>>> print(open('protein.cif').read())   # mmCIF, C-alpha atoms
data_start
loop_
_atom_site.label_atom_id
_atom_site.label_comp_id
_atom_site.auth_asym_id
_atom_site.auth_seq_id
_atom_site.Cartn_x
_atom_site.Cartn_y
_atom_site.Cartn_z
CA MET J 20 -1.04 11.63 -12.64
CA ARG J 21 -2.68 8.96 -10.53
CA GLU J 22 -5.71 7.53 -12.27
CA HIS J 23 -9.07 7.56 -10.50
CA HIS J 24 -11.70 4.96 -11.22
CA PRO J 25 -15.27 6.22 -11.47
CA MET J 26 -16.33 3.06 -9.69
CA MET J 27 -17.05 2.73 -5.97
CA PRO J 28 -13.99 3.33 -3.72
CA SER J 29 -12.17 0.19 -2.63
CA LYS J 30 -12.64 0.98 1.08
CA THR J 31 -16.41 1.23 0.55
CA LEU J 32 -16.44 -2.05 -1.35
CA THR J 33 -14.42 -3.73 1.40
CA ALA J 34 -16.83 -2.46 4.07
CA LEU J 35 -19.86 -3.68 2.12
CA GLN J 36 -18.25 -7.07 1.58
CA SER J 37 -17.48 -7.29 5.28
CA TRP J 38 -21.08 -6.57 6.29
CA ALA J 39 -22.35 -8.98 3.64
CA SER J 40 -20.11 -11.67 5.12
CA ILE J 41 -21.54 -11.05 8.61
CA ALA J 42 -25.08 -11.22 7.22
CA ARG J 43 -24.38 -14.54 5.48
CA TRP J 44 -22.73 -15.91 8.62
CA THR J 45 -25.76 -14.91 10.72
CA VAL J 46 -28.41 -16.20 8.29
CA PHE J 47 -26.80 -19.49 7.36
CA GLY J 48 -25.55 -20.21 10.88
CA THR J 49 -29.02 -19.66 12.32
CA LEU J 50 -30.63 -21.67 9.52
CA ALA J 51 -28.31 -24.61 10.23
CA CYS J 52 -29.27 -24.52 13.91
CA VAL J 53 -32.96 -24.45 13.01
CA LEU J 54 -32.62 -27.45 10.67
CA VAL J 55 -30.69 -29.49 13.23
CA SER J 56 -33.23 -28.60 15.92
CA LEU J 57 -36.17 -29.53 13.66
CA ALA J 58 -34.60 -32.83 12.70
CA PHE J 59 -33.90 -33.74 16.33
CA ASN J 60 -37.39 -32.80 17.59
CA THR J 61 -39.07 -34.63 14.71
CA VAL J 62 -37.32 -37.86 15.68
CA TYR J 63 -37.52 -37.36 19.44
CA PHE J 64 -41.17 -36.22 19.76
CA ARG J 65 -42.92 -38.01 16.89
CA ASP J 66 -44.32 -40.79 19.17
CA LEU J 67 -46.10 -38.25 21.44
CA GLY J 68 -48.87 -37.48 18.97
CA GLU J 69 -49.50 -34.75 16.41
CA PRO J 70 -50.25 -31.82 18.79
CA ALA J 71 -47.11 -32.37 20.84
CA LEU J 72 -45.00 -32.81 17.70
CA GLN J 73 -46.31 -29.56 16.19
CA ARG J 74 -45.59 -27.62 19.36
CA SER J 75 -42.11 -29.10 19.57
CA LEU J 76 -41.42 -28.10 15.95
CA VAL J 77 -42.54 -24.54 16.65
CA SER J 78 -40.20 -24.45 19.62
CA ALA J 79 -37.41 -25.98 17.51
CA THR J 80 -37.83 -23.13 15.03
CA VAL J 81 -38.30 -20.15 17.34
CA LEU J 82 -35.64 -20.87 19.96
CA PRO J 83 -32.71 -21.28 17.53
CA ILE J 84 -33.74 -18.04 15.81
CA LEU J 85 -33.98 -16.14 19.11
CA LEU J 86 -30.64 -17.47 20.30
CA GLY J 87 -28.81 -17.97 17.01
CA VAL J 88 -29.28 -14.54 15.41
CA PRO J 89 -27.69 -12.52 18.27
CA PHE J 90 -25.00 -15.18 18.80
CA PHE J 91 -23.89 -15.35 15.18
CA LEU J 92 -24.22 -11.58 14.75
CA TYR J 93 -22.06 -10.96 17.81
CA THR J 94 -19.50 -13.55 16.72
CA GLY J 95 -19.38 -12.10 13.21
CA LEU J 96 -18.83 -8.59 14.55
CA ARG J 97 -16.02 -9.79 16.80
CA VAL J 98 -14.35 -11.62 13.92
CA ARG J 99 -14.74 -8.49 11.76
CA GLY J 100 -13.16 -6.37 14.48
CA LEU J 101 -10.21 -8.73 14.80
CA THR J 102 -9.77 -8.76 11.02
CA ILE J 103 -9.76 -4.96 10.86
CA THR J 104 -7.25 -4.79 13.72
CA ASN J 105 -4.96 -7.28 11.98
CA LEU J 106 -5.20 -5.32 8.73
CA ARG J 107 -4.33 -2.10 10.52
CA LEU J 108 -1.39 -3.71 12.29
CA GLY J 109 -0.18 -5.10 8.97
CA LEU J 110 -0.49 -1.66 7.39
CA VAL J 111 1.47 -0.08 10.24
CA ALA J 112 4.17 -2.71 9.89
CA ARG J 113 4.51 -1.97 6.14
CA THR J 114 4.20 1.81 6.20
CA ASP J 115 6.59 4.62 7.07
CA SER J 116 4.77 6.59 9.76
CA LEU J 117 6.01 10.02 8.63
CA THR J 118 5.45 9.93 4.87
CA ALA J 119 2.79 7.18 4.60
CA CYS J 120 4.96 5.49 1.94
CA LEU J 121 5.95 1.85 2.14
CA ASN J 122 8.89 1.32 4.43
CA ARG J 123 12.14 -0.08 3.03
CA GLY J 124 11.38 -3.70 3.86
CA ALA J 125 7.85 -3.63 2.44
CA PHE J 126 8.95 -1.76 -0.69
CA THR J 127 11.80 -4.21 -1.34
CA ALA J 128 9.49 -7.19 -0.83
CA LYS J 129 6.75 -5.83 -3.10
CA VAL J 130 9.17 -4.89 -5.87
CA THR J 131 10.85 -8.29 -5.64
CA THR J 132 7.45 -9.95 -6.03
CA GLN J 133 6.66 -7.75 -9.03
CA LEU J 134 10.03 -8.52 -10.65
CA ALA J 135 9.26 -12.23 -10.44
CA ARG J 136 6.13 -11.62 -12.54
CA ARG J 137 7.30 -8.87 -14.89
CA SER J 138 10.35 -8.43 -17.09
CA ARG J 139 9.88 -4.77 -18.06
CA GLY J 140 9.83 -1.59 -16.02
CA ALA J 141 12.06 0.84 -14.14
CA LEU J 142 13.36 1.56 -10.66
CA LEU J 143 13.98 5.16 -9.55
CA MET J 144 15.97 6.31 -6.54
CA ILE J 145 15.10 9.82 -5.32
CA ASP J 146 17.11 11.81 -2.79
CA ALA J 147 16.38 15.28 -1.36
CA ASP J 148 19.07 17.82 -2.20
CA ASN J 149 20.80 19.78 0.58
CA PHE J 150 18.50 18.21 3.13
CA LYS J 151 20.98 18.51 6.00
CA ALA J 152 20.90 22.29 5.60
CA ILE J 153 17.12 22.30 6.18
CA ASN J 154 17.54 20.39 9.43
CA ASP J 155 20.47 22.55 10.54
CA VAL J 156 18.81 25.90 9.77
CA TYR J 157 15.14 25.24 10.54
CA GLY J 158 15.19 22.16 12.77
CA HIS J 159 14.06 18.58 12.38
CA ASP J 160 10.35 19.41 12.45
CA ALA J 161 10.84 21.44 9.28
CA GLY J 162 12.86 18.56 7.85
CA ASP J 163 9.98 16.19 8.55
CA GLU J 164 7.58 18.60 6.86
CA ALA J 165 9.86 18.75 3.82
CA LEU J 166 9.91 14.96 3.60
CA THR J 167 6.12 14.74 3.72
CA ILE J 168 5.87 17.37 0.96
CA ILE J 169 8.39 15.50 -1.19
CA ALA J 170 6.54 12.19 -0.64
CA ARG J 171 3.23 13.81 -1.58
CA SER J 172 4.77 15.37 -4.69
CA ILE J 173 6.11 11.96 -5.74
CA ARG J 174 2.76 10.22 -5.27
CA THR J 175 0.83 12.80 -7.30
CA MET J 176 2.98 12.00 -10.34
CA LEU J 177 2.59 8.22 -10.19
CA ARG J 178 0.13 5.93 -11.92
CA ALA J 179 -2.14 3.33 -10.39
CA GLY J 180 0.02 0.28 -9.76
CA ASP J 181 3.29 2.18 -9.24
CA LEU J 182 5.03 1.70 -5.90
CA VAL J 183 6.79 4.26 -3.71
CA GLY J 184 8.78 3.59 -0.56
CA ARG J 185 10.94 5.50 1.86
CA MET J 186 14.32 3.81 1.75
CA GLY J 187 15.64 5.67 4.78
CA GLY J 188 16.53 9.23 5.69
CA GLU J 189 15.64 11.51 2.80
CA GLU J 190 15.81 8.81 0.12
CA PHE J 191 12.80 7.32 -1.68
CA GLY J 192 12.39 4.48 -4.15
CA VAL J 193 9.82 4.28 -6.96
CA TYR J 194 9.02 1.18 -8.99
CA LEU J 195 7.37 1.73 -12.38
CA PRO J 196 6.04 -1.47 -13.97
CA ASP J 197 5.76 -1.83 -17.75
CA VAL J 198 7.59 1.34 -18.81
CA ASP J 199 10.55 1.89 -21.14
CA GLN J 200 13.52 4.15 -20.51
CA MET J 201 11.94 7.18 -22.18
CA SER J 202 8.73 6.89 -20.15
CA ALA J 203 10.71 6.38 -16.93
CA GLU J 204 12.72 9.53 -17.68
CA ALA J 205 9.52 11.50 -18.33
CA ILE J 206 7.95 10.37 -15.04
CA ALA J 207 11.16 11.12 -13.15
CA GLU J 208 11.32 14.59 -14.68
CA ARG J 209 7.69 15.26 -13.70
CA ILE J 210 8.51 14.23 -10.13
CA ARG J 211 11.54 16.54 -10.07
CA ARG J 212 9.47 19.50 -11.30
CA ALA J 213 6.62 18.74 -8.89
CA VAL J 214 9.05 18.87 -5.95
CA ASN J 215 10.51 22.15 -7.26
CA LEU J 216 7.03 23.67 -7.41
CA ALA J 217 5.83 22.37 -4.04
CA GLY J 218 5.20 25.00 -1.38
CA PHE J 219 7.58 24.83 1.57
CA ALA J 220 7.84 27.81 3.92
CA PRO J 221 9.55 26.99 7.23
CA GLU J 222 9.20 29.87 9.69
CA GLY J 223 7.24 31.74 7.03
CA GLN J 224 10.19 31.84 4.64
CA GLN J 225 9.75 30.34 1.18
CA ARG J 226 12.45 27.78 0.51
CA PRO J 227 12.50 25.74 -2.70
CA LEU J 228 12.84 21.98 -2.46
CA ALA J 229 14.80 19.89 -4.92
CA VAL J 230 15.59 16.24 -5.52
CA SER J 231 18.12 14.32 -7.54
CA ILE J 232 16.83 11.20 -9.28
CA GLY J 233 18.69 8.19 -10.59
CA GLY J 234 17.01 5.32 -12.35
CA VAL J 235 17.39 2.20 -14.40
CA ALA J 236 15.00 0.76 -16.98
CA PHE J 237 14.98 -2.94 -17.82
CA ASP J 238 13.28 -5.21 -20.35
CA ARG J 239 14.33 -8.65 -19.18
CA ALA J 240 14.41 -10.51 -15.89
CA ALA J 241 16.29 -8.60 -13.19
CA SER J 242 16.87 -8.76 -9.45
CA PHE J 243 16.09 -5.95 -7.05
CA SER J 244 19.66 -5.78 -5.77
CA GLU J 245 21.03 -5.30 -9.30
CA LEU J 246 18.50 -2.60 -10.19
CA PHE J 247 19.00 -0.87 -6.87
CA ARG J 248 22.77 -0.78 -7.37
CA ILE J 249 22.49 0.76 -10.83
CA ALA J 250 19.77 3.27 -9.85
CA ASP J 251 21.69 4.25 -6.72
CA GLN J 252 24.83 4.80 -8.80
CA ARG J 253 22.90 7.02 -11.23
CA LEU J 254 21.43 8.94 -8.28
CA TYR J 255 24.81 9.89 -6.96
CA GLY J 256 25.95 10.64 -10.48
CA ALA J 257 23.14 13.21 -10.59
CA LYS J 258 24.32 14.57 -7.24
CA GLU J 259 27.89 14.98 -8.45
CA THR J 260 26.91 16.70 -11.69
CA GLY J 261 24.92 19.50 -10.10
CA ARG J 262 21.89 18.08 -8.18
CA ASN J 263 18.24 18.75 -9.02
CA ARG J 264 18.46 16.59 -12.11
CA VAL J 265 17.47 13.22 -13.52
CA MET J 266 19.75 10.44 -14.74
CA VAL J 267 18.03 7.29 -16.04
CA VAL J 268 19.90 4.58 -17.91
CA HIS J 269 19.06 1.22 -19.41
CA ARG J 270 20.16 -1.78 -17.47
CA ASP J 271 22.18 -3.12 -20.41
CA ASP J 272 23.82 0.19 -21.26
CA HIS J 273 24.99 2.06 -18.20
CA PRO J 274 28.54 3.36 -17.79
CA VAL J 275 30.45 2.43 -14.69
CA ILE J 276 31.76 5.52 -12.88
CA ALA J 277 33.50 6.09 -9.58
CA LEU J 278 31.39 8.21 -7.27
CA LYS J 279 31.75 10.06 -4.00
CA ARG J 280 28.59 10.46 -1.96
CA SER J 281 27.42 14.01 -1.32
CA ALA J 282 24.39 15.52 0.40
#
>>> encode(input="protein.cif", output="structure tokens")
Amino acid sequence: MREHHPMMPSKTLTALQSWASIARWTVFGTLACVLVSLAFNTVYFRDLGEPALQRSLVSATVLPILLGVPFFLYTGLRVRGLTITNLRLGLVARTDSLTACLNRGAFTAKVTTQLARRSRGALLMIDADNFKAINDVYGHDAGDEALTIIARSIRTMLRAGDLVGRMGGEEFGVYLPDVDQMSAEAIAERIRRAVNLAGFAPEGQQRPLAVSIGGVAFDRAASFSELFRIADQRLYGAKETGRNRVMVVHRDDHPVIALKRSA
């Protein structure tokens, strides 16, 4: 299951950090204006006598505060708004809109980055069984609902730090860092069972969902394309041998078999 930290949620921390940044920007920006103004008035008005100099220093303090605080606060808020907008646009660009998983490009890029840093883990490929029949019998809206249920079932079985992406259609990819073959098989089997147990009732009729899962574990440097090829081959091996099952092999010990793709 996904682990939950008892600490403050990351979104809350990010919001607090953002407001703290605006506060620092406002305080230090205004303070800099006050110091510059004081320095200028001290030099410019010092030959006019003590009373005039004191009044000029008061003015040099008050006016920058009155003008600087709203200016820097407004600017900070605008910068914060632009930052949030950019983050949201980046999230939209990386996320599959239906399932809220990473899209294929983002998943591939993130896994590739992880593989450059790690030399142990597993890649799973997950495909919904008999998915075309759901679309044909109940319509594409029911098919979309089934995909969201499958994606949610997958996520509930993953750990913090695992990655899940929608590779296209009804196929998902899962990257499991720092696991061996046995652990990868156990996680894959939990995902399969979770999908089987998920509630799906198009038009009020209970219909079980099922997935076939192929995977490859590795314990030395590997490329995404190589792992994807092996995991995809195991996936369709699971399809051909009955569906609704898991086939996970080790990268260095996987048989080569000829496969025909089936739904």
>>> residues_around(input="protein.cif", residues="Glu222 of chain J", least_positions_apart="3", cutoff="9 Å", atoms="all atoms listed in the file", output="ChimeraX atom specification")
/J:157,161,225
>>> residues_around(input="protein.cif", residues="segment 52-67 of chain J", least_positions_apart="2", cutoff="8 Å", atoms="all atoms listed in the file", output="mmCIF file with C-alpha atoms, in the frame of the given file")
data_model
loop_
_atom_site.group_PDB
_atom_site.id
_atom_site.type_symbol
_atom_site.label_atom_id
_atom_site.label_comp_id
_atom_site.auth_asym_id
_atom_site.auth_seq_id
_atom_site.Cartn_x
_atom_site.Cartn_y
_atom_site.Cartn_z
ATOM 1 C CA GLY J 48 -25.550 -20.210 10.880
ATOM 2 C CA THR J 49 -29.020 -19.660 12.320
ATOM 3 C CA LEU J 50 -30.630 -21.670 9.520
ATOM 4 C CA GLU J 69 -49.500 -34.750 16.410
ATOM 5 C CA ALA J 71 -47.110 -32.370 20.840
ATOM 6 C CA LEU J 72 -45.000 -32.810 17.700
ATOM 7 C CA SER J 75 -42.110 -29.100 19.570
ATOM 8 C CA LEU J 76 -41.420 -28.100 15.950
ATOM 9 C CA ALA J 79 -37.410 -25.980 17.510
ATOM 10 C CA THR J 80 -37.830 -23.130 15.030
ATOM 11 C CA PRO J 83 -32.710 -21.280 17.530
ATOM 12 C CA ILE J 84 -33.740 -18.040 15.810
ATOM 13 C CA GLY J 87 -28.810 -17.970 17.010
#
>>> resolve_selection(input="protein.cif", expression="the PyMOL selection byres ((chain J and resi 201) around 12)", output="PDB file with C-alpha atoms, keeping the file's coordinate frame")
ATOM      1  CA  GLY J 140       9.830  -1.590 -16.020  1.00  0.00           C
ATOM      2  CA  ALA J 141      12.060   0.840 -14.140  1.00  0.00           C
ATOM      3  CA  ASP J 197       5.760  -1.830 -17.750  1.00  0.00           C
ATOM      4  CA  VAL J 198       7.590   1.340 -18.810  1.00  0.00           C
ATOM      5  CA  ASP J 199      10.550   1.890 -21.140  1.00  0.00           C
ATOM      6  CA  GLN J 200      13.520   4.150 -20.510  1.00  0.00           C
ATOM      7  CA  SER J 202       8.730   6.890 -20.150  1.00  0.00           C
ATOM      8  CA  ALA J 203      10.710   6.380 -16.930  1.00  0.00           C
ATOM      9  CA  GLU J 204      12.720   9.530 -17.680  1.00  0.00           C
ATOM     10  CA  ALA J 205       9.520  11.500 -18.330  1.00  0.00           C
ATOM     11  CA  ILE J 206       7.950  10.370 -15.040  1.00  0.00           C
ATOM     12  CA  ALA J 207      11.160  11.120 -13.150  1.00  0.00           C
ATOM     13  CA  GLU J 208      11.320  14.590 -14.680  1.00  0.00           C
ATOM     14  CA  GLY J 234      17.010   5.320 -12.350  1.00  0.00           C
ATOM     15  CA  VAL J 235      17.390   2.200 -14.400  1.00  0.00           C
ATOM     16  CA  ALA J 236      15.000   0.760 -16.980  1.00  0.00           C
ATOM     17  CA  PHE J 237      14.980  -2.940 -17.820  1.00  0.00           C
ATOM     18  CA  VAL J 265      17.470  13.220 -13.520  1.00  0.00           C
ATOM     19  CA  MET J 266      19.750  10.440 -14.740  1.00  0.00           C
ATOM     20  CA  VAL J 267      18.030   7.290 -16.040  1.00  0.00           C
ATOM     21  CA  VAL J 268      19.900   4.580 -17.910  1.00  0.00           C
ATOM     22  CA  HIS J 269      19.060   1.220 -19.410  1.00  0.00           C
TER      23      HIS J 269
END
>>> resolve_selection(input="protein.cif", expression="the PyMOL selection byres ((chain J and resi 250-264) around 7)", output="PDB file with C-alpha atoms, in the coordinates of the input")
ATOM      1  CA  LEU J 142      13.360   1.560 -10.660  1.00  0.00           C
ATOM      2  CA  LEU J 143      13.980   5.160  -9.550  1.00  0.00           C
ATOM      3  CA  MET J 144      15.970   6.310  -6.540  1.00  0.00           C
ATOM      4  CA  ASP J 148      19.070  17.820  -2.200  1.00  0.00           C
ATOM      5  CA  ALA J 229      14.800  19.890  -4.920  1.00  0.00           C
ATOM      6  CA  VAL J 230      15.590  16.240  -5.520  1.00  0.00           C
ATOM      7  CA  SER J 231      18.120  14.320  -7.540  1.00  0.00           C
ATOM      8  CA  ILE J 232      16.830  11.200  -9.280  1.00  0.00           C
ATOM      9  CA  GLY J 233      18.690   8.190 -10.590  1.00  0.00           C
ATOM     10  CA  GLY J 234      17.010   5.320 -12.350  1.00  0.00           C
ATOM     11  CA  VAL J 235      17.390   2.200 -14.400  1.00  0.00           C
ATOM     12  CA  LEU J 246      18.500  -2.600 -10.190  1.00  0.00           C
ATOM     13  CA  PHE J 247      19.000  -0.870  -6.870  1.00  0.00           C
ATOM     14  CA  ARG J 248      22.770  -0.780  -7.370  1.00  0.00           C
ATOM     15  CA  ILE J 249      22.490   0.760 -10.830  1.00  0.00           C
ATOM     16  CA  VAL J 265      17.470  13.220 -13.520  1.00  0.00           C
ATOM     17  CA  MET J 266      19.750  10.440 -14.740  1.00  0.00           C
ATOM     18  CA  VAL J 267      18.030   7.290 -16.040  1.00  0.00           C
ATOM     19  CA  LEU J 278      31.390   8.210  -7.270  1.00  0.00           C
ATOM     20  CA  ARG J 280      28.590  10.460  -1.960  1.00  0.00           C
ATOM     21  CA  SER J 281      27.420  14.010  -1.320  1.00  0.00           C
TER      22      SER J 281
END
>>> atom_distance(input="protein.cif", atom1="atom CA of Ala179 of chain J", atom2="atom CA of Thr167 of chain J")
19.9 Å
>>> resolve_selection(input="protein.cif", expression="the PyMOL selection byres ((chain J and resi 162) around 12)", output="ChimeraX atom specification")
/J:117-118,147-161,163-169,188-189,219-221,226,228
>>> closest_residue(input="protein.cif", among="J:Ala170, J:Val88, J:Val183, J:Cys120", to="Val46 of chain J", atoms="only C-alpha atoms")
J:Val88
>>> residues_around(input="protein.cif", residues="Arg137 of chain J", least_positions_apart="4", cutoff="9 Å", atoms="only C-alpha atoms", output="PyMOL selection string")
chain J and resi 132-133+196-197+238-240
>>> atom_distance(input="protein.cif", atom1="atom CA of Phe91 of chain J", atom2="atom CA of Ile41 of chain J")
8.2 Å
>>> closest_residue(input="protein.cif", among="J:Met176, J:Leu182, J:Val81, J:Ala241", to="Ala213 of chain J", atoms="all atoms listed in the file")
J:Met176
>>> atom_distance(input="protein.cif", atom1="atom CA of Leu216 of chain J", atom2="atom CA of Lys129 of chain J")
29.8 Å
>>> closest_residue(input="protein.cif", among="J:Arg270, J:Arg136, J:Arg185, J:Arg99", to="Ala39 of chain J", atoms="only C-alpha atoms")
J:Arg99
